[in-house]
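Novice: Got a file for you: query11.pdb, PDB, N, CA and C atoms.
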```pdb
MODEL        1
ATOM      1  N   MET A   4     102.225  74.219  96.280
ATOM      2  CA  MET A   4     102.755  73.898  97.578
ATOM      3  C   MET A   4     104.282  73.834  97.530
ATOM      4  N   LEU A   5     104.852  73.449  96.384
ATOM      5  CA  LEU A   5     106.306  73.378  96.269
ATOM      6  C   LEU A   5     106.947  74.756  96.378
ATOM      7  N   LYS A   6     106.197  75.808  96.114
ATOM      8  CA  LYS A   6     106.713  77.175  96.212
ATOM      9  C   LYS A   6     106.501  77.775  97.595
ATOM     10  N   GLY A   7     106.036  76.976  98.546
ATOM     11  CA  GLY A   7     105.876  77.462  99.907
ATOM     12  C   GLY A   7     104.499  78.001 100.241
ATOM     13  N   TYR A   8     103.523  77.799  99.381
ATOM     14  CA  TYR A   8     102.152  78.242  99.639
ATOM     15  C   TYR A   8     101.422  77.192 100.468
ATOM     16  N   ARG A   9     100.569  77.657 101.343
ATOM     17  CA  ARG A   9      99.684  76.759 102.090
ATOM     18  C   ARG A   9      98.296  76.917 101.490
ATOM     19  N   ILE A  10      97.723  75.841 101.014
ATOM     20  CA  ILE A  10      96.409  75.866 100.385
ATOM     21  C   ILE A  10      95.343  75.984 101.473
ATOM     22  N   LEU A  11      94.506  77.015 101.377
ATOM     23  CA  LEU A  11      93.419  77.227 102.326
ATOM     24  C   LEU A  11      92.116  76.621 101.821
ATOM     25  N   ALA A  12      91.902  76.669 100.506
ATOM     26  CA  ALA A  12      90.646  76.147  99.938
ATOM     27  C   ALA A  12      90.861  75.777  98.476
ATOM     28  N   ARG A  13      90.106  74.781  98.048
ATOM     29  CA  ARG A  13      90.077  74.360  96.641
ATOM     30  C   ARG A  13      88.627  74.398  96.181
ATOM     31  N   ARG A  14      88.409  74.881  94.966
ATOM     32  CA  ARG A  14      87.071  74.929  94.367
ATOM     33  C   ARG A  14      86.049  75.539  95.333
ATOM     34  N   CYS A  15      86.377  76.698  95.841
ATOM     35  CA  CYS A  15      85.533  77.404  96.805
ATOM     36  C   CYS A  15      84.375  78.077  96.068
ATOM     37  N   LYS A  16      83.172  77.646  96.356
ATOM     38  CA  LYS A  16      81.986  78.188  95.695
ATOM     39  C   LYS A  16      81.385  79.303  96.546
ATOM     40  N   THR A  17      81.093  80.429  95.894
ATOM     41  CA  THR A  17      80.398  81.544  96.533
ATOM     42  C   THR A  17      79.220  81.905  95.640
ATOM     43  N   PRO A  18      78.270  82.687  96.136
ATOM     44  CA  PRO A  18      77.160  83.123  95.283
ATOM     45  C   PRO A  18      77.620  83.964  94.085
ATOM     46  N   LEU A  19      78.828  84.507  94.164
ATOM     47  CA  LEU A  19      79.334  85.364  93.086
ATOM     48  C   LEU A  19      80.248  84.636  92.116
ATOM     49  N   GLY A  20      80.546  83.372  92.382
ATOM     50  CA  GLY A  20      81.409  82.599  91.498
ATOM     51  C   GLY A  20      82.315  81.665  92.275
ATOM     52  N   GLU A  21      83.051  80.860  91.536
ATOM     53  CA  GLU A  21      83.941  79.879  92.146
ATOM     54  C   GLU A  21      85.386  80.378  92.107
ATOM     55  N   ILE A  22      86.110  80.112  93.192
ATOM     56  CA  ILE A  22      87.538  80.404  93.258
ATOM     57  C   ILE A  22      88.250  79.058  93.234
ATOM     58  N   ASP A  23      89.106  78.852  92.241
ATOM     59  CA  ASP A  23      89.746  77.545  92.077
ATOM     60  C   ASP A  23      90.666  77.197  93.246
ATOM     61  N   LEU A  24      91.537  78.118  93.617
ATOM     62  CA  LEU A  24      92.460  77.896  94.729
ATOM     63  C   LEU A  24      92.600  79.170  95.545
ATOM     64  N   ILE A  25      92.701  79.002  96.855
ATOM     65  CA  ILE A  25      93.030  80.107  97.746
ATOM     66  C   ILE A  25      94.213  79.628  98.563
ATOM     67  N   ALA A  26      95.296  80.408  98.529
ATOM     68  CA  ALA A  26      96.517  80.006  99.210
ATOM     69  C   ALA A  26      97.102  81.196  99.960
ATOM     70  N   VAL A  27      97.995  80.883 100.882
ATOM     71  CA  VAL A  27      98.665  81.924 101.655
ATOM     72  C   VAL A  27     100.144  81.586 101.756
ATOM     73  N   ARG A  28     100.964  82.620 101.684
ATOM     74  CA  ARG A  28     102.408  82.477 101.905
ATOM     75  C   ARG A  28     102.873  83.761 102.565
ATOM     76  N   GLY A  29     103.368  83.628 103.787
ATOM     77  CA  GLY A  29     103.755  84.817 104.536
ATOM     78  C   GLY A  29     102.519  85.674 104.770
ATOM     79  N   GLY A  30     102.587  86.936 104.435
ATOM     80  CA  GLY A  30     101.460  87.842 104.601
ATOM     81  C   GLY A  30     100.695  88.079 103.321
ATOM     82  N   ILE A  31     100.830  87.169 102.341
ATOM     83  CA  ILE A  31     100.163  87.326 101.044
ATOM     84  C   ILE A  31      99.080  86.274 100.884
ATOM     85  N   LEU A  32      97.879  86.734 100.600
ATOM     86  CA  LEU A  32      96.734  85.870 100.332
ATOM     87  C   LEU A  32      96.541  85.842  98.821
ATOM     88  N   VAL A  33      96.564  84.643  98.248
ATOM     89  CA  VAL A  33      96.536  84.511  96.797
ATOM     90  C   VAL A  33      95.277  83.776  96.350
ATOM     91  N   PHE A  34      94.545  84.395  95.434
ATOM     92  CA  PHE A  34      93.378  83.786  94.804
ATOM     93  C   PHE A  34      93.821  83.371  93.403
ATOM     94  N   VAL A  35      93.640  82.095  93.079
ATOM     95  CA  VAL A  35      94.211  81.546  91.850
ATOM     96  C   VAL A  35      93.119  81.023  90.923
ATOM     97  N   GLU A  36      93.203  81.425  89.669
ATOM     98  CA  GLU A  36      92.350  80.890  88.606
ATOM     99  C   GLU A  36      93.171  79.818  87.890
ATOM    100  N   VAL A  37      92.649  78.597  87.799
ATOM    101  CA  VAL A  37      93.351  77.485  87.158
ATOM    102  C   VAL A  37      92.699  77.211  85.805
ATOM    103  N   LYS A  38      93.535  77.117  84.772
ATOM    104  CA  LYS A  38      93.045  76.823  83.426
ATOM    105  C   LYS A  38      93.851  75.689  82.817
ATOM    106  N   ALA A  39      93.166  74.680  82.311
ATOM    107  CA  ALA A  39      93.803  73.568  81.612
ATOM    108  C   ALA A  39      93.439  73.675  80.137
ATOM    109  N   ARG A  40      94.438  73.822  79.310
ATOM    110  CA  ARG A  40      94.226  73.966  77.871
ATOM    111  C   ARG A  40      95.338  73.230  77.116
ATOM    112  N   ALA A  41      95.184  73.143  75.811
ATOM    113  CA  ALA A  41      96.164  72.438  74.977
ATOM    114  C   ALA A  41      97.484  73.203  74.874
ATOM    115  N   THR A  42      97.424  74.542  74.860
ATOM    116  CA  THR A  42      98.635  75.355  74.750
ATOM    117  C   THR A  42      98.605  76.465  75.799
ATOM    118  N   LEU A  43      99.777  76.997  76.058
ATOM    119  CA  LEU A  43      99.891  78.100  77.008
ATOM    120  C   LEU A  43      99.133  79.328  76.508
ATOM    121  N   GLU A  44      99.186  79.574  75.221
ATOM    122  CA  GLU A  44      98.482  80.721  74.631
ATOM    123  C   GLU A  44      96.968  80.594  74.813
ATOM    124  N   GLU A  45      96.435  79.398  74.591
ATOM    125  CA  GLU A  45      94.997  79.172  74.778
ATOM    126  C   GLU A  45      94.609  79.353  76.245
ATOM    127  N   ALA A  46      95.439  78.873  77.137
ATOM    128  CA  ALA A  46      95.155  79.008  78.569
ATOM    129  C   ALA A  46      95.140  80.471  78.973
ATOM    130  N   HIS A  47      96.123  81.219  78.512
ATOM    131  CA  HIS A  47      96.198  82.647  78.836
ATOM    132  C   HIS A  47      94.990  83.405  78.279
ATOM    133  N   ALA A  48      94.614  83.101  77.067
ATOM    134  CA  ALA A  48      93.489  83.789  76.418
ATOM    135  C   ALA A  48      92.147  83.416  77.043
ATOM    136  N   SER A  49      92.089  82.325  77.767
ATOM    137  CA  SER A  49      90.813  81.856  78.315
ATOM    138  C   SER A  49      90.352  82.634  79.543
ATOM    139  N   ILE A  50      91.213  83.452  80.118
ATOM    140  CA  ILE A  50      90.818  84.275  81.269
ATOM    141  C   ILE A  50      90.382  85.642  80.754
ATOM    142  N   THR A  51      89.078  85.868  80.786
ATOM    143  CA  THR A  51      88.512  87.104  80.265
ATOM    144  C   THR A  51      88.408  88.167  81.359
ATOM    145  N   ARG A  52      88.148  89.398  80.959
ATOM    146  CA  ARG A  52      87.941  90.483  81.925
ATOM    147  C   ARG A  52      86.745  90.177  82.822
ATOM    148  N   ARG A  53      85.696  89.665  82.225
ATOM    149  CA  ARG A  53      84.497  89.333  82.993
ATOM    150  C   ARG A  53      84.806  88.285  84.056
ATOM    151  N   GLN A  54      85.588  87.294  83.672
ATOM    152  CA  GLN A  54      85.962  86.236  84.607
ATOM    153  C   GLN A  54      86.855  86.787  85.723
ATOM    154  N   SER A  55      87.770  87.671  85.381
ATOM    155  CA  SER A  55      88.636  88.294  86.384
ATOM    156  C   SER A  55      87.817  89.112  87.369
ATOM    157  N   LYS A  56      86.841  89.841  86.857
ATOM    158  CA  LYS A  56      85.976  90.649  87.725
ATOM    159  C   LYS A  56      85.174  89.746  88.673
ATOM    160  N   ARG A  57      84.663  88.651  88.150
ATOM    161  CA  ARG A  57      83.906  87.696  88.964
ATOM    162  C   ARG A  57      84.791  87.093  90.059
ATOM    163  N   LEU A  58      86.034  86.773  89.720
ATOM    164  CA  LEU A  58      86.970  86.224  90.701
ATOM    165  C   LEU A  58      87.225  87.237  91.819
ATOM    166  N   ARG A  59      87.415  88.494  91.464
ATOM    167  CA  ARG A  59      87.649  89.537  92.470
ATOM    168  C   ARG A  59      86.425  89.715  93.376
ATOM    169  N   SER A  60      85.248  89.659  92.798
ATOM    170  CA  SER A  60      84.025  89.784  93.601
ATOM    171  C   SER A  60      83.875  88.607  94.556
ATOM    172  N   ALA A  61      84.116  87.408  94.057
ATOM    173  CA  ALA A  61      84.021  86.207  94.901
ATOM    174  C   ALA A  61      85.079  86.252  96.000
ATOM    175  N   ALA A  62      86.270  86.738  95.678
ATOM    176  CA  ALA A  62      87.336  86.847  96.674
ATOM    177  C   ALA A  62      86.948  87.839  97.770
ATOM    178  N   GLY A  63      86.331  88.948  97.386
ATOM    179  CA  GLY A  63      85.876  89.921  98.370
ATOM    180  C   GLY A  63      84.848  89.332  99.318
ATOM    181  N   LEU A  64      83.950  88.537  98.780
ATOM    182  CA  LEU A  64      82.948  87.870  99.610
ATOM    183  C   LEU A  64      83.603  86.858 100.554
ATOM    184  N   TRP A  65      84.512  86.062 100.034
ATOM    185  CA  TRP A  65      85.219  85.083 100.852
ATOM    186  C   TRP A  65      85.988  85.781 101.969
ATOM    187  N   LEU A  66      86.703  86.843 101.616
ATOM    188  CA  LEU A  66      87.506  87.570 102.587
ATOM    189  C   LEU A  66      86.634  88.260 103.635
ATOM    190  N   GLY A  67      85.473  88.745 103.237
ATOM    191  CA  GLY A  67      84.563  89.403 104.165
ATOM    192  C   GLY A  67      84.091  88.490 105.288
ATOM    193  N   ARG A  68      84.124  87.204 105.038
ATOM    194  CA  ARG A  68      83.682  86.223 106.038
ATOM    195  C   ARG A  68      84.840  85.667 106.874
ATOM    196  N   ARG A  69      86.046  86.141 106.610
ATOM    197  CA  ARG A  69      87.226  85.617 107.310
ATOM    198  C   ARG A  69      88.122  86.772 107.757
ATOM    199  N   SER A  70      87.808  87.335 108.898
ATOM    200  CA  SER A  70      88.521  88.513 109.394
ATOM    201  C   SER A  70      89.994  88.238 109.677
ATOM    202  N   ARG A  71      90.343  86.986 109.868
ATOM    203  CA  ARG A  71      91.743  86.629 110.137
ATOM    204  C   ARG A  71      92.686  87.110 109.030
ATOM    205  N   TYR A  72      92.183  87.191 107.800
ATOM    206  CA  TYR A  72      93.031  87.525 106.652
ATOM    207  C   TYR A  72      92.882  88.977 106.192
ATOM    208  N   HIS A  73      92.193  89.816 106.934
ATOM    209  CA  HIS A  73      91.955  91.191 106.503
ATOM    210  C   HIS A  73      93.227  92.010 106.336
ATOM    211  N   GLY A  74      94.250  91.754 107.123
ATOM    212  CA  GLY A  74      95.483  92.525 107.022
ATOM    213  C   GLY A  74      96.458  92.016 105.978
ATOM    214  N   PHE A  75      96.094  90.960 105.292
ATOM    215  CA  PHE A  75      97.001  90.351 104.320
ATOM    216  C   PHE A  75      96.965  91.108 102.991
ATOM    217  N   GLU A  76      98.100  91.138 102.327
ATOM    218  CA  GLU A  76      98.157  91.647 100.958
ATOM    219  C   GLU A  76      97.420  90.636 100.083
ATOM    220  N   GLN A  77      96.680  91.109  99.097
ATOM    221  CA  GLN A  77      95.932  90.208  98.211
ATOM    222  C   GLN A  77      96.557  90.198  96.829
ATOM    223  N   ARG A  78      96.512  89.025  96.211
ATOM    224  CA  ARG A  78      97.036  88.893  94.865
ATOM    225  C   ARG A  78      96.148  87.925  94.092
ATOM    226  N   PHE A  79      96.012  88.156  92.802
ATOM    227  CA  PHE A  79      95.203  87.308  91.934
ATOM    228  C   PHE A  79      96.122  86.725  90.868
ATOM    229  N   ASP A  80      96.365  85.412  90.966
ATOM    230  CA  ASP A  80      97.304  84.719  90.081
ATOM    231  C   ASP A  80      96.567  83.790  89.127
ATOM    232  N   ALA A  81      97.324  83.267  88.165
ATOM    233  CA  ALA A  81      96.806  82.258  87.244
ATOM    234  C   ALA A  81      97.734  81.042  87.302
ATOM    235  N   LEU A  82      97.159  79.880  87.134
ATOM    236  CA  LEU A  82      97.916  78.636  87.061
ATOM    237  C   LEU A  82      97.445  77.913  85.807
ATOM    238  N   TYR A  83      98.370  77.741  84.854
ATOM    239  CA  TYR A  83      98.024  77.110  83.584
ATOM    240  C   TYR A  83      98.513  75.678  83.574
ATOM    241  N   ILE A  84      97.618  74.765  83.220
ATOM    242  CA  ILE A  84      97.931  73.343  83.137
ATOM    243  C   ILE A  84      97.942  72.958  81.660
ATOM    244  N   ILE A  85      99.108  72.550  81.184
ATOM    245  CA  ILE A  85      99.286  72.135  79.793
ATOM    246  C   ILE A  85      99.785  70.691  79.814
ATOM    247  N   ALA A  86      99.114  69.804  79.087
ATOM    248  CA  ALA A  86      99.487  68.386  79.081
ATOM    249  C   ALA A  86     100.959  68.209  78.723
ATOM    250  N   GLY A  87     101.664  67.404  79.527
ATOM    251  CA  GLY A  87     103.062  67.094  79.247
ATOM    252  C   GLY A  87     104.051  68.082  79.839
ATOM    253  N   PHE A  88     103.577  69.126  80.510
ATOM    254  CA  PHE A  88     104.468  70.136  81.085
ATOM    255  C   PHE A  88     104.144  70.349  82.557
ATOM    256  N   TRP A  89     105.091  70.922  83.279
ATOM    257  CA  TRP A  89     104.838  71.316  84.651
ATOM    258  C   TRP A  89     103.811  72.437  84.649
ATOM    259  N   PRO A  90     103.002  72.546  85.693
ATOM    260  CA  PRO A  90     102.065  73.666  85.773
ATOM    261  C   PRO A  90     102.828  74.995  85.691
ATOM    262  N   HIS A  91     102.239  75.965  85.024
ATOM    263  CA  HIS A  91     102.871  77.280  84.811
ATOM    264  C   HIS A  91     102.152  78.306  85.698
ATOM    265  N   HIS A  92     102.823  78.746  86.755
ATOM    266  CA  HIS A  92     102.252  79.708  87.713
ATOM    267  C   HIS A  92     102.606  81.117  87.263
ATOM    268  N   VAL A  93     101.585  81.957  87.107
ATOM    269  CA  VAL A  93     101.794  83.343  86.703
ATOM    270  C   VAL A  93     101.280  84.256  87.813
ATOM    271  N   PRO A  94     102.198  84.793  88.636
ATOM    272  CA  PRO A  94     101.773  85.728  89.680
ATOM    273  C   PRO A  94     101.190  86.999  89.053
ATOM    274  N   ALA A  95     100.278  87.647  89.747
ATOM    275  CA  ALA A  95      99.673  88.886  89.254
ATOM    276  C   ALA A  95     100.775  89.884  88.946
ATOM    277  N   GLY A  96     100.624  90.586  87.829
ATOM    278  CA  GLY A  96     101.582  91.596  87.449
ATOM    279  C   GLY A  96     102.797  91.050  86.704
ATOM    280  N   ALA A  97     102.879  89.738  86.570
ATOM    281  CA  ALA A  97     104.050  89.157  85.874
ATOM    282  C   ALA A  97     103.780  88.970  84.401
TER     283      ALA A  97
ENDMDL
END
```
In structure tokens, write the structure found in this file.

Specialist:
Amino acid sequence: MLKGYRILARRCKTPLGEIDLIAVRGGILVFVEVKARATLEEAHASITRRQSKRLRSAAGLWLGRRSRYHGFEQRFDALYIIAGFWPHHVPAGA
């Protein structure tokens, strides 16, 4: 929220999987996978291809039920939570 995102949903459950956070900023709809681990490396390694595919499928299902967001650009980000540090937001492609 400090970066200007408006949170639309938290822990959104679909038949295809759970989406940790769904946020919007401007014309960008962001689906976020949140991982809490001891180190940044462990958090990064914990997001597998299978998990990414499941997130994309769940996002498609969520979006299919909400026509208001059909024209928005979509992005799939990660948010890493490491004890003692600020959350580390990694936008897709970064």

Novice: When the PyMOL selection byres ((chain A and resi 72-85) around 5) is applied to the structure above, which residues does it catch, written out as number ranges by chain?

Specialist: A: 30-40, 69-71, 86-88, 90-95

Novice: Calculate how many Å separate atom CA of Lys6 of chain A from atom CA of Asp23 of chain A, rounding to one decimal.

Specialist: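 Interatomic distance, atom CA of Lys6 of chain A to atom CA of Asp23 of chain A: 17.5 Å.
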
Novice: Which of segment 25-72 of chain A end up as strand (DSSP E or B) when DSSP is run on this backbone - answer as a VMD selection string?

Specialist: chain A and resid 25 to 28 31 to 40

Novice: Between atom N of Trp89 of chain A and atom N of Leu11 of chain A, what is the spacing in Å?

Specialist: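 That distance, rounded to one decimal, is 21.8 Å.
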
Novice: How would you write, as a PyMOL selection string, the set of residues in chain A that DSSP gives as helix (DSSP H, G or I)?

Specialist: chain A and resi 43-48+52-67+70-72

Novice: Report the distance between atom N of Ile22 of chain A and atom CA of Arg9 of chain A in Å, rounded to one decimal place.

Specialist: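 Atom-to-atom, atom N of Ile22 of chain A to atom CA of Arg9 of chain A, that is 16.6 Å.
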
Novice: As a check of understanding, name the residues that the PyMOL selection byres ((chain A and resi 20) around 7) selects in the supplied structure, as a list in words.

Specialist: Cys15, Lys16, Thr17, Pro18, Leu19, Glu21, Ile22, Arg57, Leu58, Ser60 and Ala61 of chain A

Novice: Please determine an axis-aligned box that encloses all atoms of segment 24-39 of chain A listed in the file, with 6 Å added on each side, and express its centre and edge lengths in Å to one decimal as AutoDock Vina command-line options.

Specialist:
```
--center_x 97.6 --center_y 80.8 --center_z 92.5 --size_x 24.2 --size_y 26.5 --size_z 36.6
```
